[in-house]
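J.: Contents are PDB, C-alpha atoms; file name entry-v3.pdb:
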ATOM      1  CA  MET A  42     -94.553  -3.791 -87.558  1.00  0.00           C
ATOM      2  CA  ILE A  43     -91.029  -4.647 -88.731  1.00  0.00           C
ATOM      3  CA  SER A  44     -89.530  -1.921 -86.556  1.00  0.00           C
ATOM      4  CA  ASN A  45     -91.310  -3.350 -83.474  1.00  0.00           C
ATOM      5  CA  LEU A  46     -90.058  -6.833 -84.300  1.00  0.00           C
ATOM      6  CA  LEU A  47     -86.505  -5.544 -84.734  1.00  0.00           C
ATOM      7  CA  PHE A  48     -86.759  -3.562 -81.492  1.00  0.00           C
ATOM      8  CA  TYR A  49     -87.867  -6.637 -79.524  1.00  0.00           C
ATOM      9  CA  LEU A  50     -85.314  -8.872 -81.226  1.00  0.00           C
ATOM     10  CA  VAL A  51     -82.428  -6.569 -80.309  1.00  0.00           C
ATOM     11  CA  GLY A  52     -83.920  -5.804 -76.896  1.00  0.00           C
ATOM     12  CA  TYR A  53     -84.119  -9.466 -75.912  1.00  0.00           C
ATOM     13  CA  SER A  54     -80.997 -10.766 -77.634  1.00  0.00           C
ATOM     14  CA  LEU A  55     -78.674  -8.199 -76.048  1.00  0.00           C
ATOM     15  CA  PRO A  56     -79.264  -9.275 -72.394  1.00  0.00           C
ATOM     16  CA  VAL A  57     -79.323 -12.955 -73.339  1.00  0.00           C
ATOM     17  CA  GLY A  58     -76.060 -12.570 -75.272  1.00  0.00           C
ATOM     18  CA  LEU A  59     -74.419 -10.700 -72.398  1.00  0.00           C
ATOM     19  CA  MET A  60     -75.488 -13.375 -69.909  1.00  0.00           C
ATOM     20  CA  GLY A  61     -74.124 -16.094 -72.205  1.00  0.00           C
ATOM     21  CA  MET A  62     -70.788 -14.292 -72.488  1.00  0.00           C
ATOM     22  CA  MET A  63     -70.613 -13.881 -68.693  1.00  0.00           C
ATOM     23  CA  TRP A  64     -71.459 -17.569 -68.200  1.00  0.00           C
ATOM     24  CA  LYS A  65     -68.717 -18.578 -70.651  1.00  0.00           C
ATOM     25  CA  ALA A  66     -66.173 -16.256 -68.987  1.00  0.00           C
ATOM     26  CA  ASN A  67     -67.125 -17.613 -65.564  1.00  0.00           C
ATOM     27  CA  ALA A  68     -66.430 -21.178 -66.774  1.00  0.00           C
ATOM     28  CA  ARG A  69     -62.813 -20.421 -67.754  1.00  0.00           C
ATOM     29  CA  ARG A  70     -61.186 -22.426 -64.932  1.00  0.00           C
ATOM     30  CA  TRP A  71     -63.393 -25.453 -65.605  1.00  0.00           C
ATOM     31  CA  THR A  72     -62.630 -25.114 -69.334  1.00  0.00           C
ATOM     32  CA  ARG A  73     -58.882 -25.016 -68.658  1.00  0.00           C
ATOM     33  CA  LEU A  74     -59.162 -28.184 -66.565  1.00  0.00           C
ATOM     34  CA  ALA A  75     -61.267 -29.800 -69.296  1.00  0.00           C
ATOM     35  CA  GLN A  76     -58.478 -29.277 -71.835  1.00  0.00           C
ATOM     36  CA  THR A  77     -56.392 -31.771 -69.849  1.00  0.00           C
ATOM     37  CA  TYR A  78     -58.873 -33.851 -67.829  1.00  0.00           C
ATOM     38  CA  ARG A  79     -62.037 -34.140 -69.966  1.00  0.00           C
ATOM     39  CA  ALA A  80     -63.823 -37.400 -69.170  1.00  0.00           C
ATOM     40  CA  VAL A  81     -64.254 -39.394 -72.368  1.00  0.00           C
ATOM     41  CA  ASP A  82     -65.418 -42.644 -70.769  1.00  0.00           C
ATOM     42  CA  PRO A  83     -65.514 -42.164 -66.994  1.00  0.00           C
ATOM     43  CA  GLY A  84     -66.446 -45.756 -66.217  1.00  0.00           C
ATOM     44  CA  ILE A  85     -68.459 -46.841 -63.200  1.00  0.00           C
ATOM     45  CA  CYS A  86     -68.297 -44.834 -59.990  1.00  0.00           C
ATOM     46  CA  ILE A  87     -67.259 -46.843 -56.966  1.00  0.00           C
ATOM     47  CA  ARG A  88     -68.696 -44.135 -54.767  1.00  0.00           C
ATOM     48  CA  LYS A  89     -70.353 -40.813 -55.562  1.00  0.00           C
ATOM     49  CA  ARG A  90     -71.984 -37.898 -53.792  1.00  0.00           C
ATOM     50  CA  THR A  91     -74.412 -35.522 -55.427  1.00  0.00           C
ATOM     51  CA  MET A  92     -75.099 -31.850 -54.703  1.00  0.00           C
ATOM     52  CA  GLN A  93     -71.540 -31.135 -53.560  1.00  0.00           C
ATOM     53  CA  THR A  94     -69.774 -27.778 -53.512  1.00  0.00           C
ATOM     54  CA  VAL A  95     -66.602 -27.419 -55.574  1.00  0.00           C
ATOM     55  CA  ILE A  96     -64.434 -24.308 -55.470  1.00  0.00           C
ATOM     56  CA  LEU A  97     -61.856 -23.879 -58.238  1.00  0.00           C
ATOM     57  CA  VAL A  98     -58.849 -21.714 -57.441  1.00  0.00           C
ATOM     58  CA  ALA A  99     -56.063 -21.156 -59.952  1.00  0.00           C
ATOM     59  CA  GLY A 100     -52.961 -18.986 -60.113  1.00  0.00           C
ATOM     60  CA  ASP A 101     -54.899 -15.922 -61.204  1.00  0.00           C
ATOM     61  CA  ILE A 102     -57.091 -13.666 -59.090  1.00  0.00           C
ATOM     62  CA  GLY A 103     -60.415 -15.006 -57.843  1.00  0.00           C
ATOM     63  CA  TRP A 104     -62.163 -18.353 -57.754  1.00  0.00           C
ATOM     64  CA  ASN A 105     -65.199 -20.167 -59.128  1.00  0.00           C
ATOM     65  CA  SER A 106     -67.673 -21.670 -56.708  1.00  0.00           C
ATOM     66  CA  TYR A 107     -70.116 -24.363 -57.784  1.00  0.00           C
ATOM     67  CA  LYS A 108     -72.359 -24.550 -54.721  1.00  0.00           C
ATOM     68  CA  GLY A 109     -74.385 -27.731 -54.525  1.00  0.00           C
ATOM     69  CA  ILE A 110     -74.475 -28.434 -58.272  1.00  0.00           C
ATOM     70  CA  VAL A 111     -71.563 -30.870 -58.700  1.00  0.00           C
ATOM     71  CA  THR A 112     -71.525 -34.649 -58.463  1.00  0.00           C
ATOM     72  CA  VAL A 113     -68.199 -35.932 -57.147  1.00  0.00           C
ATOM     73  CA  GLY A 114     -67.441 -39.562 -57.869  1.00  0.00           C
ATOM     74  CA  VAL A 115     -64.520 -41.914 -57.364  1.00  0.00           C
ATOM     75  CA  THR A 116     -63.736 -44.362 -60.164  1.00  0.00           C
ATOM     76  CA  ARG A 117     -60.884 -46.797 -60.625  1.00  0.00           C
ATOM     77  CA  GLU A 118     -59.207 -44.244 -62.907  1.00  0.00           C
ATOM     78  CA  GLY A 119     -59.581 -41.146 -60.708  1.00  0.00           C
ATOM     79  CA  ILE A 120     -61.927 -38.472 -59.372  1.00  0.00           C
ATOM     80  CA  LEU A 121     -64.956 -37.654 -61.513  1.00  0.00           C
ATOM     81  CA  LEU A 122     -66.548 -34.180 -61.406  1.00  0.00           C
ATOM     82  CA  LYS A 123     -69.860 -33.586 -63.194  1.00  0.00           C
ATOM     83  CA  VAL A 124     -72.033 -30.469 -63.079  1.00  0.00           C
ATOM     84  CA  MET A 125     -75.813 -30.989 -62.947  1.00  0.00           C
ATOM     85  CA  PRO A 126     -77.400 -31.047 -66.426  1.00  0.00           C
ATOM     86  CA  LEU A 127     -79.191 -27.701 -66.047  1.00  0.00           C
ATOM     87  CA  PHE A 128     -75.874 -25.923 -65.347  1.00  0.00           C
ATOM     88  CA  SER A 129     -73.568 -28.069 -67.497  1.00  0.00           C
ATOM     89  CA  ILE A 130     -73.311 -25.698 -70.477  1.00  0.00           C
ATOM     90  CA  PHE A 131     -69.564 -25.040 -71.014  1.00  0.00           C
ATOM     91  CA  HIS A 132     -68.835 -27.602 -68.234  1.00  0.00           C
ATOM     92  CA  PRO A 133     -67.944 -31.066 -69.605  1.00  0.00           C
ATOM     93  CA  PRO A 134     -67.349 -33.856 -67.064  1.00  0.00           C
ATOM     94  CA  LEU A 135     -63.824 -34.044 -65.664  1.00  0.00           C
ATOM     95  CA  LEU A 136     -61.879 -37.164 -64.739  1.00  0.00           C
ATOM     96  CA  ILE A 137     -58.735 -36.343 -62.778  1.00  0.00           C
ATOM     97  CA  PRO A 138     -56.445 -39.406 -62.572  1.00  0.00           C
ATOM     98  CA  HIS A 139     -55.288 -40.508 -59.126  1.00  0.00           C
ATOM     99  CA  ALA A 140     -51.652 -40.057 -60.189  1.00  0.00           C
ATOM    100  CA  ASP A 141     -52.250 -36.377 -61.030  1.00  0.00           C
ATOM    101  CA  CYS A 142     -53.935 -35.341 -57.785  1.00  0.00           C
ATOM    102  CA  HIS A 143     -52.971 -34.877 -54.182  1.00  0.00           C
ATOM    103  CA  ILE A 144     -55.712 -34.654 -51.542  1.00  0.00           C
ATOM    104  CA  GLU A 145     -55.216 -33.038 -48.158  1.00  0.00           C
ATOM    105  CA  PRO A 146     -57.738 -32.322 -45.406  1.00  0.00           C
ATOM    106  CA  ARG A 147     -58.656 -28.672 -45.035  1.00  0.00           C
ATOM    107  CA  ARG A 148     -60.585 -26.837 -42.338  1.00  0.00           C
ATOM    108  CA  TRP A 149     -62.808 -24.182 -43.934  1.00  0.00           C
ATOM    109  CA  TYR A 150     -65.249 -23.893 -41.035  1.00  0.00           C
ATOM    110  CA  LEU A 151     -67.988 -25.462 -43.073  1.00  0.00           C
ATOM    111  CA  ILE A 152     -70.317 -28.182 -41.928  1.00  0.00           C
ATOM    112  CA  GLY A 153     -68.966 -31.619 -42.798  1.00  0.00           C
ATOM    113  CA  LYS A 154     -65.639 -32.975 -43.920  1.00  0.00           C
ATOM    114  CA  ASN A 155     -63.636 -30.858 -46.343  1.00  0.00           C
ATOM    115  CA  GLY A 156     -60.669 -31.582 -48.509  1.00  0.00           C
ATOM    116  CA  SER A 157     -58.423 -29.793 -50.919  1.00  0.00           C
ATOM    117  CA  VAL A 158     -57.451 -31.489 -54.192  1.00  0.00           C
ATOM    118  CA  HIS A 159     -54.283 -30.283 -55.884  1.00  0.00           C
ATOM    119  CA  THR A 160     -53.698 -31.455 -59.445  1.00  0.00           C
ATOM    120  CA  ALA A 161     -50.453 -31.770 -61.359  1.00  0.00           C
ATOM    121  CA  TRP A 162     -51.963 -29.296 -63.855  1.00  0.00           C
ATOM    122  CA  CYS A 163     -52.070 -26.431 -61.354  1.00  0.00           C
ATOM    123  CA  GLN A 164     -48.683 -26.974 -59.711  1.00  0.00           C
TER     124      GLN A 164
END
What do you get writing this file as structure tokens?

T.:
Amino acid sequence: MISNLLFYLVGYSLPVGLMGMMWKANARRWTRLAQTYRAVDPGICIRKRTMQTVILVAGDIGWNSYKGIVTVGVTREGILLKVMPLFSIFHPPLLIPHADCHIEPRRWYLIGKNGSVHTAWCQ
């Protein structure tokens, strides 16, 4: 009885633990941005769009793509990025001040208008 319980406990906790570690490692770029741009009191959004795709690229190899799970808002203080509640573990809301970002149009052959936001943090 106890051996079965221990077997199931280890058997289920190992994959769940590995998935949690992978999820945390995958959120490293968002976490680095949150160290500087965590939104404490984002204020009221002047305009926002839900279910947007955000791709984070940093100086290291690779990128993180958040396809359709980010809300992008514009406040008086800056650009607000929030991940949907179901996926927001390890992803606090970000508020990037207007003074710290530079936006330029980008053609990625996707449907709709695209832009690239460069922050003072990544330059």

J.: Between atom CA of A:Lys65 and atom CA of A:Ile120, measure the distance and give it in Å to one decimal.

T.: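 Atom-to-atom, atom CA of A:Lys65 to atom CA of A:Ile120, that is 23.9 Å.
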
J.: Fewer than 2 positions away in the same chain doesn't count, so skip those; otherwise give me all residues within 9 Å of A:Arg90, counting all atoms listed in the file, as a VMD selection string.

T.: chain A and resid 88 92 to 93 111 to 114

J.: Hey, can I get the axis-aligned box for stretch 71-88 of chain A? All listed atoms, 6 Å padding on each side, centre and edge lengths in Å to one decimal, as AutoDock Vina command-line options.

T.:
--center_x -62.5 --center_y -35.9 --center_z -63.6 --size_x 24.3 --size_y 33.8 --size_z 29.6

J.: Selection in question (the file shown): the PyMOL selection byres ((chain A and resi 131) around 12). Which residues does it include, as number ranges by chain?

T.: A: 61-76, 79, 123-130, 132-135

J.: What is the atom CA of A:His159 to atom CA of A:Ile144 distance in Å?

T.: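 Separating atom CA of A:His159 from atom CA of A:Ile144 is a distance of 6.3 Å.
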
J.: Have a look at atom CA of A:Trp104 and atom CA of A:Ser54 and let me know their distance in Å, one decimal.

T.: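 About the pair atom CA of A:Trp104 and atom CA of A:Ser54: they are 28.4 Å apart.
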
J.: Kindly indicate which residue among A:Leu97, A:Tyr78, A:Asn155, A:Gly58 lies nearest to A:His139, using only C-alpha atoms for the distances.

T.: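 For A:His139, the nearest of the given residues is A:Tyr78.
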
J.: Restricting the calculation to only C-alpha atoms, which member of A:Tyr49, A:Gly119, A:Thr77, A:Val158 is positioned closest to A:Ala140?

T.: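 The shortest atom-to-atom distance to A:Ala140 comes from A:Gly119.
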
J.: Missing atoms in stretch 60-90 of chain A: can you complete it with N, CA and C atoms, as a JSON list (two decimals), in the coordinates of the input?

T.:
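Generated output (part_37.json):
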[["chain", "number", "residue", "atom", "x", "y", "z"],
["A", 60, "MET", "N", -75.49, -12.33, -70.94],
["A", 60, "MET", "CA", -75.49, -13.38, -69.91],
["A", 60, "MET", "C", -74.72, -14.60, -70.38],
["A", 61, "GLY", "N", -74.87, -14.96, -71.66],
["A", 61, "GLY", "CA", -74.12, -16.09, -72.20],
["A", 61, "GLY", "C", -72.63, -15.85, -72.18],
["A", 62, "MET", "N", -72.21, -14.63, -72.53],
["A", 62, "MET", "CA", -70.79, -14.29, -72.49],
["A", 62, "MET", "C", -70.26, -14.32, -71.06],
["A", 63, "MET", "N", -71.04, -13.84, -70.10],
["A", 63, "MET", "CA", -70.61, -13.88, -68.69],
["A", 63, "MET", "C", -70.51, -15.31, -68.20],
["A", 64, "TRP", "N", -71.47, -16.17, -68.61],
["A", 64, "TRP", "CA", -71.46, -17.57, -68.20],
["A", 64, "TRP", "C", -70.22, -18.27, -68.76],
["A", 65, "LYS", "N", -69.90, -17.98, -70.02],
["A", 65, "LYS", "CA", -68.72, -18.58, -70.65],
["A", 65, "LYS", "C", -67.44, -18.09, -69.97],
["A", 66, "ALA", "N", -67.36, -16.80, -69.66],
["A", 66, "ALA", "CA", -66.17, -16.26, -68.99],
["A", 66, "ALA", "C", -66.03, -16.83, -67.58],
["A", 67, "ASN", "N", -67.15, -17.06, -66.92],
["A", 67, "ASN", "CA", -67.12, -17.61, -65.56],
["A", 67, "ASN", "C", -66.66, -19.07, -65.57],
["A", 68, "ALA", "N", -66.80, -19.76, -66.69],
["A", 68, "ALA", "CA", -66.43, -21.18, -66.77],
["A", 68, "ALA", "C", -64.98, -21.36, -67.22],
["A", 69, "ARG", "N", -64.16, -20.32, -67.19],
["A", 69, "ARG", "CA", -62.81, -20.42, -67.75],
["A", 69, "ARG", "C", -61.92, -21.41, -66.99],
["A", 70, "ARG", "N", -62.03, -21.48, -65.68],
["A", 70, "ARG", "CA", -61.19, -22.43, -64.93],
["A", 70, "ARG", "C", -61.60, -23.86, -65.22],
["A", 71, "TRP", "N", -62.90, -24.12, -65.29],
["A", 71, "TRP", "CA", -63.39, -25.45, -65.60],
["A", 71, "TRP", "C", -62.96, -25.82, -67.03],
["A", 72, "THR", "N", -63.02, -24.87, -67.95],
["A", 72, "THR", "CA", -62.63, -25.11, -69.33],
["A", 72, "THR", "C", -61.14, -25.43, -69.43],
["A", 73, "ARG", "N", -60.32, -24.72, -68.66],
["A", 73, "ARG", "CA", -58.88, -25.02, -68.66],
["A", 73, "ARG", "C", -58.61, -26.42, -68.12],
["A", 74, "LEU", "N", -59.32, -26.82, -67.07],
["A", 74, "LEU", "CA", -59.16, -28.18, -66.56],
["A", 74, "LEU", "C", -59.64, -29.20, -67.60],
["A", 75, "ALA", "N", -60.71, -28.87, -68.31],
["A", 75, "ALA", "CA", -61.27, -29.80, -69.30],
["A", 75, "ALA", "C", -60.32, -30.02, -70.47],
["A", 76, "GLN", "N", -59.45, -29.08, -70.76],
["A", 76, "GLN", "CA", -58.48, -29.28, -71.83],
["A", 76, "GLN", "C", -57.54, -30.44, -71.53],
["A", 77, "THR", "N", -57.29, -30.68, -70.25],
["A", 77, "THR", "CA", -56.39, -31.77, -69.85],
["A", 77, "THR", "C", -57.16, -32.99, -69.34],
["A", 78, "TYR", "N", -58.22, -32.76, -68.57],
["A", 78, "TYR", "CA", -58.87, -33.85, -67.83],
["A", 78, "TYR", "C", -60.31, -34.14, -68.27],
["A", 79, "ARG", "N", -60.67, -33.86, -69.50],
["A", 79, "ARG", "CA", -62.04, -34.14, -69.97],
["A", 79, "ARG", "C", -62.32, -35.64, -69.89],
["A", 80, "ALA", "N", -63.46, -35.99, -69.34],
["A", 80, "ALA", "CA", -63.82, -37.40, -69.17],
["A", 80, "ALA", "C", -64.44, -37.92, -70.46],
["A", 81, "VAL", "N", -63.74, -38.80, -71.14],
["A", 81, "VAL", "CA", -64.25, -39.39, -72.37],
["A", 81, "VAL", "C", -65.16, -40.57, -72.01],
["A", 82, "ASP", "N", -64.63, -41.51, -71.26],
["A", 82, "ASP", "CA", -65.42, -42.64, -70.77],
["A", 82, "ASP", "C", -65.09, -42.82, -69.29],
["A", 83, "PRO", "N", -65.88, -42.16, -68.41],
["A", 83, "PRO", "CA", -65.51, -42.16, -66.99],
["A", 83, "PRO", "C", -65.61, -43.51, -66.30],
["A", 84, "GLY", "N", -66.31, -44.46, -66.87],
["A", 84, "GLY", "CA", -66.45, -45.76, -66.22],
["A", 84, "GLY", "C", -67.50, -45.71, -65.11],
["A", 85, "ILE", "N", -67.47, -46.72, -64.27],
["A", 85, "ILE", "CA", -68.46, -46.84, -63.20],
["A", 85, "ILE", "C", -67.90, -46.24, -61.92],
["A", 86, "CYS", "N", -68.72, -45.44, -61.26],
["A", 86, "CYS", "CA", -68.30, -44.83, -59.99],
["A", 86, "CYS", "C", -68.36, -45.87, -58.88],
["A", 87, "ILE", "N", -67.28, -45.98, -58.14],
["A", 87, "ILE", "CA", -67.26, -46.84, -56.97],
["A", 87, "ILE", "C", -68.09, -46.19, -55.86],
["A", 88, "ARG", "N", -67.94, -44.89, -55.76],
["A", 88, "ARG", "CA", -68.70, -44.14, -54.77],
["A", 88, "ARG", "C", -68.91, -42.74, -55.32],
["A", 89, "LYS", "N", -70.11, -42.18, -55.11],
["A", 89, "LYS", "CA", -70.35, -40.81, -55.56],
["A", 89, "LYS", "C", -71.28, -40.09, -54.60],
["A", 90, "ARG", "N", -71.15, -38.77, -54.60],
["A", 90, "ARG", "CA", -71.98, -37.90, -53.79],
["A", 90, "ARG", "C", -72.51, -36.79, -54.69]]
